[in-house]
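Everything below belongs to model16.txt, which stores compact mmCIF, C-alpha atoms.
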# COMPACT_ATOMS: atom_id res chain seq x y z
CA MET N 1 -40.05 131.45 108.15
CA GLN N 2 -36.55 132.42 109.14
CA GLY N 3 -34.74 132.69 112.44
CA ILE N 4 -36.48 129.97 114.47
CA PRO N 5 -34.12 129.05 117.32
CA LYS N 6 -32.95 125.44 117.33
CA LEU N 7 -35.45 123.04 118.88
CA THR N 8 -33.99 120.62 121.43
CA GLU N 9 -35.51 117.83 123.50
CA GLN N 10 -35.32 120.05 126.61
CA VAL N 11 -37.40 122.87 125.12
CA VAL N 12 -40.93 123.18 123.74
CA HIS N 13 -41.85 126.03 121.41
CA ILE N 14 -45.23 127.70 122.03
CA TRP N 15 -46.68 129.64 119.09
CA GLN N 16 -49.47 132.14 119.71
CA VAL N 17 -51.83 132.81 116.79
CA ASP N 18 -54.45 135.56 116.72
CA LEU N 19 -57.48 134.11 114.94
CA ARG N 20 -58.66 137.53 113.75
CA VAL N 21 -57.12 137.68 110.28
CA SER N 22 -57.97 139.57 107.12
CA ASP N 23 -59.92 137.95 104.31
CA PHE N 24 -56.75 138.03 102.20
CA ALA N 25 -54.80 136.14 104.88
CA PHE N 26 -57.69 133.69 105.25
CA GLY N 27 -57.60 132.96 101.52
CA SER N 28 -53.85 132.38 101.61
CA LEU N 29 -54.22 129.93 104.49
CA TRP N 30 -57.11 128.15 102.78
CA ASN N 31 -54.85 127.45 99.79
CA LEU N 32 -52.37 125.63 102.03
CA LEU N 33 -54.92 123.04 103.17
CA SER N 34 -55.28 119.58 101.71
CA GLU N 35 -58.48 118.58 99.92
CA GLU N 36 -59.48 116.56 102.99
CA GLU N 37 -58.97 119.58 105.27
CA GLN N 38 -60.94 121.84 102.92
CA PHE N 39 -63.75 119.29 102.90
CA ARG N 40 -63.74 119.19 106.70
CA ALA N 41 -63.79 122.98 106.85
CA ASN N 42 -66.86 123.11 104.63
CA GLN N 43 -68.74 120.78 106.97
CA PHE N 44 -68.87 123.45 109.68
CA LYS N 45 -72.30 125.06 109.76
CA VAL N 46 -71.10 128.06 111.78
CA GLU N 47 -68.89 130.40 109.76
CA GLN N 48 -66.69 131.37 112.70
CA ALA N 49 -65.97 127.72 113.45
CA ARG N 50 -65.00 127.20 109.81
CA ARG N 51 -62.65 130.20 109.88
CA THR N 52 -61.07 129.03 113.13
CA PHE N 53 -60.37 125.59 111.66
CA VAL N 54 -58.86 127.02 108.47
CA ILE N 55 -56.69 129.59 110.26
CA GLY N 56 -55.51 127.06 112.84
CA ARG N 57 -54.63 124.39 110.29
CA GLY N 58 -53.09 126.85 107.85
CA CYS N 59 -50.86 128.41 110.49
CA LEU N 60 -49.99 124.97 111.84
CA ARG N 61 -48.74 124.03 108.38
CA ARG N 62 -46.71 127.25 108.11
CA ILE N 63 -45.16 126.75 111.53
CA LEU N 64 -44.26 123.10 111.02
CA SER N 65 -42.77 123.80 107.60
CA GLY N 66 -40.42 126.31 109.23
CA TYR N 67 -38.70 123.44 111.03
CA GLU N 68 -38.06 121.47 107.85
CA GLN N 69 -34.40 121.11 106.97
CA THR N 70 -34.83 122.28 103.39
CA ASP N 71 -34.12 125.55 101.57
CA GLN N 72 -37.68 125.92 100.30
CA PRO N 73 -40.17 124.29 102.69
CA ASP N 74 -43.70 123.94 101.34
CA PRO N 75 -46.49 124.05 103.95
CA ALA N 76 -49.00 122.63 101.47
CA LYS N 77 -47.00 119.40 101.12
CA ILE N 78 -47.10 118.49 104.79
CA GLN N 79 -48.98 115.24 105.34
CA PHE N 80 -50.78 114.31 108.55
CA MET N 81 -51.88 111.00 109.96
CA TYR N 82 -54.38 110.49 112.78
CA SER N 83 -54.71 108.29 115.84
CA GLN N 84 -57.91 106.41 116.63
CA GLN N 85 -58.91 109.37 118.81
CA GLY N 86 -58.29 111.78 115.91
CA LYS N 87 -55.05 113.29 117.22
CA PRO N 88 -52.93 114.47 114.26
CA SER N 89 -49.22 113.82 113.83
CA LEU N 90 -46.77 114.17 110.97
CA SER N 91 -46.58 111.26 108.57
CA THR N 92 -43.21 109.59 108.08
CA ILE N 93 -43.23 110.87 104.49
CA SER N 94 -43.40 114.56 105.39
CA SER N 95 -41.38 114.56 108.61
CA GLY N 96 -37.71 115.37 108.20
CA ILE N 97 -37.12 115.56 111.98
CA PRO N 98 -39.05 113.89 114.82
CA LEU N 99 -41.44 116.80 115.46
CA ARG N 100 -44.39 116.45 117.79
CA PHE N 101 -47.09 119.07 118.09
CA ASN N 102 -50.51 119.90 119.43
CA LEU N 103 -52.97 122.72 118.80
CA SER N 104 -55.70 124.29 120.90
CA HIS N 105 -57.94 127.28 120.27
CA SER N 106 -60.50 129.25 122.21
CA HIS N 107 -62.34 132.49 121.41
CA GLN N 108 -59.88 134.66 119.42
CA LEU N 109 -56.64 132.81 120.12
CA ALA N 110 -54.84 129.60 119.21
CA LEU N 111 -51.75 128.02 120.75
CA ILE N 112 -49.52 125.53 118.96
CA ALA N 113 -46.95 123.53 120.93
CA VAL N 114 -43.99 122.02 119.02
CA GLY N 115 -41.39 119.67 120.50
CA LEU N 116 -39.08 116.77 119.66
CA ASN N 117 -39.60 113.07 120.39
CA ALA N 118 -42.29 113.66 123.01
CA GLU N 119 -46.00 113.08 123.25
CA MET N 120 -47.74 116.27 124.31
CA GLY N 121 -51.08 117.96 124.62
CA ILE N 122 -51.97 121.61 125.07
CA ASP N 123 -55.28 123.09 126.12
CA LEU N 124 -56.32 126.73 125.95
CA GLU N 125 -59.51 128.14 127.43
CA TYR N 126 -61.01 131.62 127.35
CA ILE N 127 -62.01 132.57 130.89
CA ARG N 128 -65.72 133.29 130.70
CA PRO N 129 -68.78 133.07 132.97
CA THR N 130 -69.43 129.36 133.43
CA ALA N 131 -71.81 127.14 135.38
CA VAL N 132 -68.96 125.98 137.58
CA GLU N 133 -70.96 123.95 140.09
CA ALA N 134 -72.80 121.90 137.44
CA LEU N 135 -69.60 121.09 135.54
CA VAL N 136 -67.70 120.26 138.72
CA GLN N 137 -70.38 117.79 139.82
CA ARG N 138 -70.26 116.05 136.46
CA PHE N 139 -66.58 116.02 135.56
CA PHE N 140 -64.53 116.64 138.71
CA ALA N 141 -63.41 114.44 141.58
CA PRO N 142 -64.95 114.98 145.06
CA SER N 143 -61.74 116.49 146.46
CA GLU N 144 -61.61 119.02 143.63
CA SER N 145 -65.27 119.88 144.13
CA VAL N 146 -64.72 120.58 147.83
CA PHE N 147 -61.71 122.77 147.08
CA LEU N 148 -63.55 124.80 144.44
CA GLN N 149 -66.60 125.28 146.64
CA GLY N 150 -64.37 127.01 149.15
CA LEU N 151 -63.44 129.65 146.58
CA LYS N 152 -65.54 132.54 145.36
CA GLY N 153 -65.88 134.86 142.39
CA GLU N 154 -62.97 135.40 140.02
CA ILE N 155 -60.58 133.19 141.97
CA GLN N 156 -63.03 130.28 141.73
CA LEU N 157 -63.52 130.81 138.00
CA LYS N 158 -59.79 130.97 137.23
CA THR N 159 -59.09 127.94 139.39
CA PHE N 160 -61.84 126.02 137.61
CA PHE N 161 -60.24 126.73 134.24
CA ARG N 162 -56.81 125.81 135.61
CA TYR N 163 -58.18 122.41 136.59
CA TRP N 164 -59.97 122.07 133.26
CA THR N 165 -56.93 122.86 131.10
CA CYS N 166 -54.79 120.45 133.12
CA LYS N 167 -57.29 117.66 132.62
CA GLU N 168 -57.91 118.26 128.92
CA ALA N 169 -54.23 118.71 128.10
CA TYR N 170 -53.45 115.39 129.79
CA ILE N 171 -56.24 113.65 127.90
CA LYS N 172 -54.96 115.05 124.59
CA ALA N 173 -51.38 114.03 125.38
CA SER N 174 -52.21 110.52 126.56
CA GLY N 175 -54.98 109.77 124.07
CA GLN N 176 -57.68 109.15 126.67
CA ARG N 177 -61.37 109.69 125.88
CA LEU N 178 -62.53 113.04 127.21
CA SER N 179 -66.01 112.28 128.57
CA GLN N 180 -64.88 109.14 130.39
CA SER N 181 -61.69 110.52 131.92
CA LEU N 182 -62.08 114.02 133.34
CA SER N 183 -63.32 112.91 136.76
CA GLN N 184 -60.53 110.31 137.05
CA ILE N 185 -57.78 112.91 136.73
CA VAL N 186 -57.30 114.61 140.08
CA ILE N 187 -55.31 117.84 140.27
CA ARG N 188 -53.83 118.81 143.62
CA PHE N 189 -52.00 122.10 143.95
CA ASP N 190 -48.61 121.38 145.49
CA PRO N 191 -46.11 124.20 146.26
CA VAL N 192 -43.32 121.60 146.54
CA SER N 193 -43.83 120.34 142.98
CA PRO N 194 -41.57 122.03 140.38
CA VAL N 195 -44.65 122.77 138.26
CA GLY N 196 -46.89 123.91 141.11
CA TYR N 197 -49.32 121.02 141.21
CA GLN N 198 -49.46 117.24 141.25
CA ALA N 199 -51.75 115.20 139.02
CA TYR N 200 -53.17 111.75 139.77
CA TRP N 201 -54.83 109.19 137.52
CA GLN N 202 -57.19 106.92 139.46
CA GLY N 203 -55.23 107.71 142.63
CA ILE N 204 -51.78 107.06 141.13
CA PRO N 205 -49.42 110.02 140.56
CA ILE N 206 -49.17 110.83 136.85
CA GLU N 207 -45.70 112.31 137.21
CA PRO N 208 -42.93 111.55 136.42
CA ASP N 209 -44.43 109.87 133.33
CA TRP N 210 -46.32 113.08 132.50
CA TRP N 211 -45.42 116.64 133.40
CA MET N 212 -47.76 119.62 133.47
CA TYR N 213 -46.63 123.18 132.75
CA GLU N 214 -48.56 126.43 132.95
CA VAL N 215 -48.41 128.22 129.60
CA ALA N 216 -48.15 132.02 129.55
CA CYS N 217 -51.00 133.64 127.63
CA PRO N 218 -53.16 136.81 127.72
CA GLN N 219 -54.84 137.49 131.08
CA ASP N 220 -58.31 136.46 129.87
CA TYR N 221 -57.06 132.98 128.97
CA MET N 222 -55.71 129.92 130.76
CA ALA N 223 -53.48 127.26 129.19
CA THR N 224 -51.60 124.12 130.22
CA LEU N 225 -49.06 121.93 128.43
CA VAL N 226 -48.73 118.24 129.32
CA ILE N 227 -45.68 116.36 128.04
CA ASP N 228 -44.25 112.92 128.72
CA ARG N 229 -40.96 114.17 130.19
CA GLN N 230 -39.57 117.00 132.25
CA ILE N 231 -38.28 119.91 130.18
CA GLN N 232 -36.14 122.93 130.96
CA ASN N 233 -38.06 125.70 129.25
CA LEU N 234 -40.99 126.89 127.18
CA ASP N 235 -39.98 129.33 124.43
CA TYR N 236 -42.68 131.64 123.08
CA PHE N 237 -43.20 132.93 119.54
CA ASP N 238 -45.70 135.16 117.79
CA GLY N 239 -47.27 133.34 114.85
CA PHE N 240 -47.78 136.66 113.09
CA GLN N 241 -44.23 137.97 113.11
CA GLY N 242 -43.26 139.62 109.85
CA ASP N 243 -45.43 138.41 106.99
CA PHE N 244 -46.19 135.09 108.66
CA CYS N 245 -49.81 134.10 108.04
CA GLN N 246 -50.52 137.57 106.62

Written form, structure tokens:
Amino acid sequence: MQGIPKLTEQVVHIWQVDLRVSDFAFGSLWNLLSEEEQFRANQFKVEQARRTFVIGRGCLRRILSGYEQTDQPDPAKIQFMYSQQGKPSLSTISSGIPLRFNLSHSHQLALIAVGLNAEMGIDLEYIRPTAVEALVQRFFAPSESVFLQGLKGEIQLKTFFRYWTCKEAYIKASGQRLSQSLSQIVIRFDPVSPVGYQAYWQGIPIEPDWWMYEVACPQDYMATLVIDRQIQNLDYFDGFQGDFCQ
């Protein structure tokens, strides 16, 4: 991978990966995975889920290796370690620079966020018909439920997924447990906020400790990045430029 602009602490790189790849590309990505990752892939009973895991992990390795400060980076040599919640990070052995990253996928797309010296989480959701009322009653705060009930049709559905991606991205960034935390994160849309909305954890503002940013993606998707500091910009890249992942 050549020509990646320099990554600074004020910028996060967002890589978009189309999960629809050829069998040849799939085989090439499979060969980049560790034995542990290949074992995990083979545990998926649904073939599409297995392919999604392999493509996501393979492209993640290719992307991260592009930031290595070596003449011949090797994606297969990257080593991951995992938090108690299963969140991956680079091991001290394989990390030449303090990279942080997070990956999310939905339907036919994956997004990979890469930054420096910052905890982050990204969530991507495909906008699809959903039992909004049932999910809101189970996972959302009363104020959010009232707000969503006042919306109808497509606007309600998109707003629901905006809430959902904000909540999940925060949980991934902060290491909270998903099922126990969604209703405790309250999103309030705020035109005064530099990011368009204010988030609260058990009634206490999450910002400035955590910042939420809307991530540009195809119109049928919704995505949010949560990071533990304010940044100046999100830079976007196509994970399939040139022969990347092909």

### Task
Would you kindly return, as an MDAnalysis selection string, each protein, DNA or RNA residue with an atom no farther than 12 Å from any atom of N:Arg229, considering all atoms listed in the file and excluding same-chain residues fewer than 2 positions away?
chainID N and resid 9:12 115:120 173 206:213 225:227 231:233

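With distances taken over all atoms listed in the file, N:Ile185 is the one residue among N:Ile127, N:Leu111, N:Leu157, N:Ile185 lying closest to N:Pro142.
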
### Task
Mind giving me the straight-line distance from atom CA of N:Arg62 to atom CA of N:Val114 in Å, one decimal?
12.4 Å

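Atom pair atom CA of N:Ser106 / atom CA of N:Tyr163: separated by 16.1 Å.
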
#### Entry: Radius query 12 Å about (-55.2, 110.2, 126.1), atoms used: all atoms listed in the file, as a PyMOL selection string
chain N and resi 83-87+119-122+167-182+185+201+210+226-228

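Here the question is which of N:Lys158, N:Lys6, N:Lys152, N:Arg20 gets nearest to N:Leu109 using only C-alpha atoms, and that residue is N:Arg20.
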
#### Entry: atom CA of N:Cys217 to atom CA of N:Val21, straight-line distance in Å
18.8 Å

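For the set N:Thr224, N:Gln230, N:Ser28, N:Gln184, the residue with the smallest atom-to-atom gap to N:Ala76 is N:Ser28, counting only C-alpha atoms.
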
Padding of 6 Å on every side, edges along x, y and z, all listed atoms of stretch 77-94 of chain N included: what centre and edge lengths in Å, to one decimal, does that box have, as AutoDock Vina command-line options?
--center_x -51.1 --center_y 112.9 --center_z 110.0 --size_x 27.7 --size_y 25.0 --size_z 29.7

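Using all atoms listed in the file, the nearest neighbour of N:Leu103 within the list N:Tyr82, N:Tyr236, N:Glu154, N:Arg57 is N:Arg57.
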
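In this comparison, which uses all atoms listed in the file, the residue of N:Leu33, N:Leu148, N:Ile97, N:Leu19 approaching N:Phe80 most closely is N:Leu33.
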
### Query
Got a sec: who's within 9 Å of N:Lys77, counting all atoms listed in the file, leaving out chain neighbours fewer than 6 positions off, as a PyMOL selection string?
chain N and resi 32-34+61+65+94

### Task
Rank nothing, just name the residue among N:Thr165, N:Gln156, N:Thr52, N:Ser143 nearest to N:Arg188, using all atoms listed in the file.
N:Ser143

#### Entry: 12 Å contact set for N:Asp18, all atoms listed in the file, chain neighbours under 2 positions out, as an MDAnalysis selection string
chainID N and resid 15:16 20:22 25 51:52 55:56 59 105:112 217:218 237:241 244:246

Filtering to C-alpha atoms, could you give me those residues as a tab-separated table (two decimals), in the frame of the given file?
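For reference, out_16.tsv as written:
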chain	number	residue	atom	x	y	z
N	15	TRP	CA	-46.68	129.64	119.09
N	16	GLN	CA	-49.47	132.14	119.71
N	20	ARG	CA	-58.66	137.53	113.75
N	21	VAL	CA	-57.12	137.68	110.28
N	22	SER	CA	-57.97	139.57	107.12
N	25	ALA	CA	-54.80	136.14	104.88
N	51	ARG	CA	-62.65	130.20	109.88
N	52	THR	CA	-61.07	129.03	113.13
N	55	ILE	CA	-56.69	129.59	110.26
N	56	GLY	CA	-55.51	127.06	112.84
N	59	CYS	CA	-50.86	128.41	110.49
N	105	HIS	CA	-57.94	127.28	120.27
N	106	SER	CA	-60.50	129.25	122.21
N	107	HIS	CA	-62.34	132.49	121.41
N	108	GLN	CA	-59.88	134.66	119.42
N	109	LEU	CA	-56.64	132.81	120.12
N	110	ALA	CA	-54.84	129.60	119.21
N	111	LEU	CA	-51.75	128.02	120.75
N	112	ILE	CA	-49.52	125.53	118.96
N	217	CYS	CA	-51.00	133.64	127.63
N	218	PRO	CA	-53.16	136.81	127.72
N	237	PHE	CA	-43.20	132.93	119.54
N	238	ASP	CA	-45.70	135.16	117.79
N	239	GLY	CA	-47.27	133.34	114.85
N	240	PHE	CA	-47.78	136.66	113.09
N	241	GLN	CA	-44.23	137.97	113.11
N	244	PHE	CA	-46.19	135.09	108.66
N	245	CYS	CA	-49.81	134.10	108.04
N	246	GLN	CA	-50.52	137.57	106.62
